[in-house]
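S.K.: Supplied in structure tokens, the structure appears directly below.
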Protein chains: 2
Amino acid sequence: MSRRPASPDRDADADAPGFELPLRLFMAFRAIIDETHARLAAEGHPDFRPMHGFVFQAIGPHGTTAADLGRRLGVSKQAAGKTVGVLERLGYVEVGADPADARRKVVRLTSRGIDALARSARIFEEIRTEWADTLGTDRLRAFEADLRTMTPGELWRLDVPGWFA
Amino acid sequence: MSRRPASPDRDADADAPGFELPLRLFMAFRAIIDETHARLAAEGHPDFRPMHGFVFQAIGPHGTTAADLGRRLGVSKQAAGKTVGVLERLGYVEVGADPADARRKVVRLTSRGIDALARSARIFEEIRTEWADTLGTDRLRAFEADLRTMTPGELWRLDVPGWFA
DNA sequence: AGAATTGGACAACCAAGTTGACGATAACCG
DNA sequence: CGGTTATCGTCAACTTGGTTGTCCAATTCT
């Protein structure tokens, strides 16, 4: 992957190995997620896992079913059902019957789930503000614009779980 | 996480939800990795998985042992040993005795492993060139500089496996 | 020499996915 | 209307990639 495979003392401006770009993208993503969940843990949500944010987003404010959740997350309905079971045991979601369709069971966020979602939204904004403080607002805007250029897809493709396989 | 949680028709320039930044970072990372492995598969390495790149990098050109590999990757020596077993069965690494220490078994890349590594390096460079074609060289340089600013850590922290847990 | 550390392997387990099957309910349509 | 088809939830068995704990052999430390 690199012409200088094991020297940690490389100059950052010199010829970087080709995998620096994806690796740094991942490091940045991970840094934000880790920081978010550290703060969430300090605010009363120690069991909130990185994946849960995606699931909460996919559930949405009106609730869904396990099968639909699976479609949105890009996993099987069985896997989605298991995840719902975990989140239910953690008190983040509740499952109720659908009066209009006896097959469906509607998954909804509990007030605790909504609290976690609101806090994570606030924390994400805080972290973005910290990025703006470090880079400058215009640099951050340009950075985000470039990022959108290179990832033209829908932001709402939430099929993140199950990746890395 | 958002004031407009389920509307896919949002304007990209309007008030983005706070999680857009981390999500786009991840999408960009994933796009590069997926593209890399699609091309690798087309060039004779269909079994090469995203995680293997990190492992190969951690093995390095001189080889390592399973225990050391585990330390570099941030996983247990047992997990590293299992991964070595998988890569050995795929023909990417070979395990030999260490004449200087009868406990150690040295893991080395085979020629096939080196081939995969060289190809992935070339593909990463190609993709970076495509980014430069799209964004312009100066924008890409600025983008990478900002990325380094926000991820000051060592590039060589390869403890990516086992994350997302 | 004897004690402490290290490397590798085995077992049992866990978490989060997968596929396949199945019964109950709903929707489609001739 | 009724039969076929599709969907929802669930169960079971399996896969992958981790974990911890235990153990022995080999090396290193004092």
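Just remember, in the structure tokens the first chain shown is A, the second B, etc., residues are 1-based per chain, and ligands are 1-based in the order shown.
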Counting only C-alpha atoms (C1' of nucleotides), which residues from chain B have an atom at most 10 Å from any atom of chain D, and could you show them as an MDAnalysis selection string?

M.R.: chainID B and resid 75:76 78:80 82:83 101:104 161:163 165

S.K.: Could you write out that same residue set with C-alpha atoms as a compact mmCIF listing (two decimals), in the first residue's frame?

M.R.:
```txt
# COMPACT_ATOMS: atom_id res chain seq x y z
CA VAL B 75 -7.37 -6.88 19.28
CA SER B 76 -6.52 -9.92 21.34
CA GLN B 78 -6.40 -14.98 19.81
CA ALA B 79 -8.41 -12.85 17.40
CA ALA B 80 -5.25 -12.02 15.49
CA LYS B 82 -7.82 -16.50 13.87
CA THR B 83 -7.42 -13.81 11.24
CA ASP B 101 12.78 -18.12 19.36
CA ALA B 102 10.96 -21.43 19.37
CA ARG B 103 7.80 -19.85 20.78
CA ARG B 104 7.30 -17.37 17.97
CA PRO B 161 -11.02 -3.85 13.38
CA GLY B 162 -13.20 -4.41 16.36
CA TRP B 163 -14.53 -0.91 16.20
CA ALA B 165 -19.06 -2.63 18.60
```

S.K.: Pair the Cα atoms of chain B and chain A in order, fit the first onto the second, and let me know the RMSD in Å.

M.R.: 0.1 Å

S.K.: Listing only residues of chain B within 6 Å of chain A, what is the closest atom pair and its distance in Å (to one decimal) for each, using only C-alpha atoms, sorted by chain and residue number ascending, as a Markdown table?

M.R.:
```
| residue | atom | partner | partner_atom | distance |
| --- | --- | --- | --- | --- |
| B:Met1 | CA | A:Ala121 | CA | 3.9 |
| B:Gly18 | CA | A:Glu125 | CA | 5.0 |
| B:Phe19 | CA | A:Phe124 | CA | 5.9 |
| B:Pro22 | CA | A:Phe29 | CA | 5.1 |
| B:Leu25 | CA | A:Leu25 | CA | 5.6 |
| B:Phe26 | CA | A:Phe29 | CA | 5.9 |
| B:Ala28 | CA | A:Thr151 | CA | 5.8 |
| B:Phe29 | CA | A:Pro22 | CA | 5.1 |
| B:Leu117 | CA | A:Met1 | CA | 5.2 |
| B:Ala118 | CA | A:Met1 | CA | 5.7 |
| B:Ala121 | CA | A:Met1 | CA | 3.9 |
| B:Phe124 | CA | A:Gly18 | CA | 5.0 |
| B:Glu125 | CA | A:Gly18 | CA | 4.9 |
| B:Phe143 | CA | A:Phe143 | CA | 5.9 |
| B:Thr151 | CA | A:Ala28 | CA | 5.8 |
```

S.K.: Would you please extract all helix (DSSP H, G or I) residues from range 73-133 of chain B, as assigned by DSSP on the backbone, and give them as a PyMOL selection string?

M.R.: chain B and resi 73+77-89+111-133

S.K.: Running DSSP on the backbone, which parts of chain B land in strand (DSSP E or B), as a list in words?

M.R.: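 Residues of chain B classed as strand (DSSP E or B): Thr64, Thr65, Val93, Glu94, Val95, Gly96, Ala97, Lys105, Val106, Val107, Arg108 and Leu109 of chain B.
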
S.K.: Keeping only N, CA and C atoms, write the selected residues to a file as an mmCIF file, in the first residue's frame.

M.R.:
```cif
data_model
loop_
_atom_site.group_PDB
_atom_site.id
_atom_site.type_symbol
_atom_site.label_atom_id
_atom_site.label_comp_id
_atom_site.auth_asym_id
_atom_site.auth_seq_id
_atom_site.Cartn_x
_atom_site.Cartn_y
_atom_site.Cartn_z
ATOM 1 N N THR B 64 5.484 -10.441 11.100
ATOM 2 C CA THR B 64 5.270 -10.275 12.540
ATOM 3 C C THR B 64 4.803 -11.590 13.116
ATOM 4 N N THR B 65 4.487 -11.530 14.392
ATOM 5 C CA THR B 65 3.860 -12.680 15.039
ATOM 6 C C THR B 65 2.402 -12.340 15.317
ATOM 7 N N VAL B 93 -1.008 -15.123 3.338
ATOM 8 C CA VAL B 93 0.132 -15.109 4.254
ATOM 9 C C VAL B 93 0.614 -16.537 4.460
ATOM 10 N N GLU B 94 1.844 -16.644 4.941
ATOM 11 C CA GLU B 94 2.361 -17.951 5.320
ATOM 12 C C GLU B 94 3.009 -17.824 6.689
ATOM 13 N N VAL B 95 2.984 -18.902 7.425
ATOM 14 C CA VAL B 95 3.466 -18.877 8.799
ATOM 15 C C VAL B 95 4.674 -19.787 8.898
ATOM 16 N N GLY B 96 5.752 -19.249 9.420
ATOM 17 C CA GLY B 96 6.964 -20.033 9.563
ATOM 18 C C GLY B 96 7.527 -19.939 10.959
ATOM 19 N N ALA B 97 8.416 -20.854 11.291
ATOM 20 C CA ALA B 97 9.040 -20.848 12.605
ATOM 21 C C ALA B 97 10.096 -19.759 12.676
ATOM 22 N N LYS B 105 5.984 -17.700 15.978
ATOM 23 C CA LYS B 105 5.746 -18.137 14.601
ATOM 24 C C LYS B 105 5.586 -16.876 13.775
ATOM 25 N N VAL B 106 6.430 -16.713 12.802
ATOM 26 C CA VAL B 106 6.447 -15.474 12.035
ATOM 27 C C VAL B 106 5.441 -15.546 10.887
ATOM 28 N N VAL B 107 4.602 -14.521 10.807
ATOM 29 C CA VAL B 107 3.608 -14.415 9.736
ATOM 30 C C VAL B 107 4.184 -13.498 8.669
ATOM 31 N N ARG B 108 4.220 -13.995 7.419
ATOM 32 C CA ARG B 108 4.731 -13.161 6.321
ATOM 33 C C ARG B 108 3.732 -13.168 5.166
ATOM 34 N N LEU B 109 3.755 -12.079 4.409
ATOM 35 C CA LEU B 109 2.925 -12.025 3.211
ATOM 36 C C LEU B 109 3.508 -12.952 2.153
#
```
